[in-house]
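Shown next: my_file.cif, containing mmCIF, C-alpha atoms.
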```cif
data_data
loop_
_atom_site.label_atom_id
_atom_site.label_comp_id
_atom_site.auth_asym_id
_atom_site.auth_seq_id
_atom_site.Cartn_x
_atom_site.Cartn_y
_atom_site.Cartn_z
CA MET A 273 16.44 68.31 181.91
CA ARG A 274 16.65 72.07 182.14
CA GLU A 275 20.44 71.90 182.20
CA MET A 276 20.42 69.67 179.11
CA LYS A 277 18.28 72.17 177.14
CA SER A 278 20.59 74.99 178.16
CA THR A 279 23.65 73.00 177.06
CA LEU A 280 21.97 72.11 173.78
CA ARG A 281 21.17 75.78 173.10
CA CYS A 282 24.78 76.76 173.81
CA TRP A 283 26.10 74.12 171.41
CA THR A 284 23.61 75.19 168.72
CA LEU A 285 24.65 78.81 169.12
CA ALA A 286 28.35 77.92 169.03
CA LEU A 287 27.88 75.82 165.89
CA THR A 288 25.90 78.59 164.18
CA LEU A 289 28.58 81.16 164.99
CA ALA A 290 31.38 78.85 163.85
CA LEU A 291 29.69 78.13 160.54
CA GLY A 292 28.89 81.79 159.98
CA ALA A 293 32.44 82.86 160.81
CA GLY A 294 33.85 80.48 158.21
CA GLN A 295 31.55 81.74 155.48
CA VAL A 296 33.28 83.97 152.96
CA LEU A 297 31.10 86.53 151.28
CA ALA A 298 32.71 87.74 148.09
CA ALA A 299 31.60 90.89 146.33
CA GLY A 300 32.90 93.04 143.51
CA ALA A 301 32.12 96.24 141.64
CA LEU A 302 33.08 98.21 138.53
CA ALA A 303 33.02 102.00 138.39
CA ILE A 304 33.52 104.09 135.25
CA ASP A 305 33.76 107.82 134.69
CA SER A 306 31.20 110.06 133.01
CA ASN A 307 33.24 109.95 129.78
CA GLN A 308 32.03 106.40 129.25
CA GLY A 309 34.92 104.55 130.75
CA ASP A 310 38.11 106.51 130.09
CA GLN A 311 38.82 106.05 133.80
CA TYR A 312 37.72 102.98 135.70
CA GLY A 313 37.98 101.28 139.05
CA PHE A 314 37.57 97.56 139.64
CA ALA A 315 37.30 95.62 142.88
CA TYR A 316 36.68 91.96 143.60
CA ASN A 317 36.82 89.53 146.49
CA HIS A 318 35.69 92.03 149.11
CA PRO A 319 33.66 90.95 152.15
CA SER A 320 30.72 93.24 151.27
CA SER A 321 29.21 95.09 148.33
CA GLY A 322 29.75 98.38 150.11
CA GLN A 323 33.48 97.77 150.51
CA ALA A 324 33.81 96.66 146.87
CA GLU A 325 31.97 99.76 145.65
CA GLN A 326 34.08 102.04 147.83
CA ARG A 327 37.30 100.52 146.46
CA ALA A 328 36.13 100.74 142.83
CA LEU A 329 35.15 104.40 143.25
CA GLN A 330 38.45 105.16 144.98
CA GLU A 331 40.44 103.60 142.11
CA CYS A 332 38.37 105.37 139.47
CA GLY A 333 38.62 108.89 140.85
CA GLY A 334 36.23 111.84 140.55
CA GLY A 335 33.14 111.83 138.38
CA CYS A 336 32.74 108.04 138.50
CA GLN A 337 29.76 105.86 139.25
CA ILE A 338 29.19 102.17 139.92
CA VAL A 339 27.90 100.42 136.79
CA LEU A 340 28.28 96.77 137.81
CA ARG A 341 27.96 94.86 141.07
CA PHE A 342 28.70 91.15 141.24
CA SER A 343 28.97 88.48 143.89
CA ASN A 344 30.53 85.02 143.94
CA SER A 345 31.27 85.22 140.21
CA CYS A 346 33.74 86.66 137.71
CA ALA A 347 33.57 90.01 135.93
CA ALA A 348 35.51 91.79 133.20
CA TYR A 349 35.75 95.25 131.64
CA ALA A 350 36.83 95.89 128.03
CA THR A 351 37.44 99.11 126.09
CA ASP A 352 38.14 99.99 122.47
CA GLN A 353 41.78 100.91 122.01
CA SER A 354 41.16 102.98 118.84
CA ARG A 355 42.13 106.62 119.18
CA GLY A 356 39.15 108.79 120.10
CA SER A 357 36.81 105.85 120.68
CA ASN A 358 34.78 105.63 123.86
CA ALA A 359 33.36 102.14 123.23
CA TYR A 360 33.36 99.87 126.25
CA GLY A 361 31.66 96.79 127.64
CA TRP A 362 31.46 94.73 130.77
CA GLY A 363 30.12 91.37 131.76
CA TYR A 364 29.92 88.85 134.53
CA ALA A 365 29.63 85.08 134.51
CA SER A 366 30.55 81.99 136.48
CA SER A 367 33.98 81.74 134.79
CA ALA A 368 36.70 84.23 133.90
CA GLY A 369 36.63 83.30 130.21
CA ALA A 370 32.87 83.75 129.91
CA ALA A 371 33.00 87.13 131.70
CA GLN A 372 35.79 88.33 129.39
CA ASN A 373 33.89 87.15 126.30
CA ARG A 374 30.78 89.03 127.41
CA ALA A 375 32.75 92.22 128.02
CA LEU A 376 34.46 91.93 124.62
CA SER A 377 31.16 91.24 122.87
CA GLU A 378 29.55 94.33 124.45
CA CYS A 379 32.53 96.46 123.47
CA ARG A 380 32.72 95.11 119.91
CA ALA A 381 29.09 96.03 119.38
CA ARG A 382 30.27 99.68 119.53
CA GLY A 383 33.98 99.53 118.62
CA ASN A 384 36.60 97.71 116.58
CA SER A 385 39.78 97.26 118.62
CA CYS A 386 38.45 96.07 121.95
CA MET A 387 40.66 94.65 124.66
CA VAL A 388 39.97 93.41 128.18
CA ARG A 389 41.38 96.02 130.55
CA VAL A 390 40.67 94.21 133.82
CA TRP A 391 39.01 91.06 135.11
CA GLY A 392 38.72 89.15 138.35
CA CYS A 393 36.86 86.38 140.14
CA ASP A 394 35.46 86.35 143.66
CA ASN A 395 36.01 83.32 145.84
CA GLN A 396 33.38 80.91 144.66
#
```
Could you spell out this file's structure in structure tokens?
Amino acid sequence: MREMKSTLRCWTLALTLALGAGQVLAAGALAIDSNQGDQYGFAYNHPSSGQAEQRALQECGGGCQIVLRFSNSCAAYATDQSRGSNAYGWGYASSAGAAQNRALSECRARGNSCMVRVWGCDNQ
């Protein structure tokens, strides 16, 4: 009986580890500079929030900060293309199209010629 309990515990542990090892955690982040988004960094599909944030900050460069964190979803970043404008917007949603629409809507609330600069979806 004791041997059976020990075997059962080993199988339970092995199954737990196997299921956990197959689980994909997807995280993303958006960083923009202090000039309201002239420079940006975007990361998605990273195994942790910390790694996604690090990548976004690395892409953005100096003077940047994380403004959006997302997980198991899609995100987008849009900016106004008009000369001298610093209008921008971002959004996240369960689909790429919805995330892009949210980013464009946020940007258009402040600017006229908004365009999606970057978007991506984590493994869902």
key: Gap from CA of Gln326 (chain A) to CA of Gln311 (chain A) - Å, one decimal   =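 Answer for the CA of Gln326 (chain A) to CA of Gln311 (chain A) separation: 15.3 Å.
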inquiry  = Please compute the CA of Met387 (chain A)-CA of Ala348 (chain A) distance, one decimal, in Å.
reply    =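 If I compute the distance from CA of Met387 (chain A) to CA of Ala348 (chain A), I get 10.4 Å.
Evaluated on this file, the PyMOL selection byres ((chain A and resi 353) around 7) matches Thr351, Asp352, Ser354, Arg355, Ser385, Cys386 and Met387 of chain A.
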message = Please list as number ranges by chain every residue within 10 Å of Asp305 (chain A), counting only C-alpha atoms and excluding residues in the same chain fewer than 3 positions away.
response = A: 308-313, 329, 332-339
request  = Can you work out the spacing between CA of Ser366 (chain A) and CA of Cys346 (chain A) in Å, to one decimal?
outcome  =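 For CA of Ser366 (chain A) relative to CA of Cys346 (chain A), the distance reads 5.8 Å.
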request  = Mind listing whatever residues come within 6 Å of the point (32.1, 93.7, 139.7)? Use only C-alpha atoms, file coordinates, and give them as a PyMOL selection string.
outcome  = chain A and resi 300-302+340-342+347
query = Skipping near chain neighbours, those fewer than 6 positions away, what residues fall within 12 Å of Gly392 (chain A) using all atoms listed in the file, listed as a PyMOL selection string?
reply = chain A and resi 298-302+314-318+342-349+362-372
key: Closest of A:Ser320, A:Arg327, A:Ile304, A:Arg389 to Ala375 (chain A) - atom-to-atom distances counting all atoms listed in the file   =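 Going through A:Ser320, A:Arg327, A:Ile304, A:Arg389 one by one, the smallest distance to Ala375 (chain A) is for A:Arg389.
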As JSON, please report the centre and edge lengths, rounded to one decimal in Å, of the axis-aligned box that holds all listed atoms of region 369-388 of chain A with 3 Å of padding on each of the six sides.
```
{"center_x": 34.9, "center_y": 91.5, "center_z": 124.1, "size_x": 17.6, "size_y": 22.4, "size_z": 21.1}
```
task = I would like the residues chosen by the PyMOL selection byres ((chain A and resi 379) around 7) on the shown file; could you give them as a PyMOL selection string?
result = chain A and resi 350-352+359-361+375-378+380-383+386
key: Counting only C-alpha atoms, the residue of A:Asn384, A:Gln330, A:Gln323, A:Ser306 that sits nearest Ser357 (chain A)   = A:Asn384
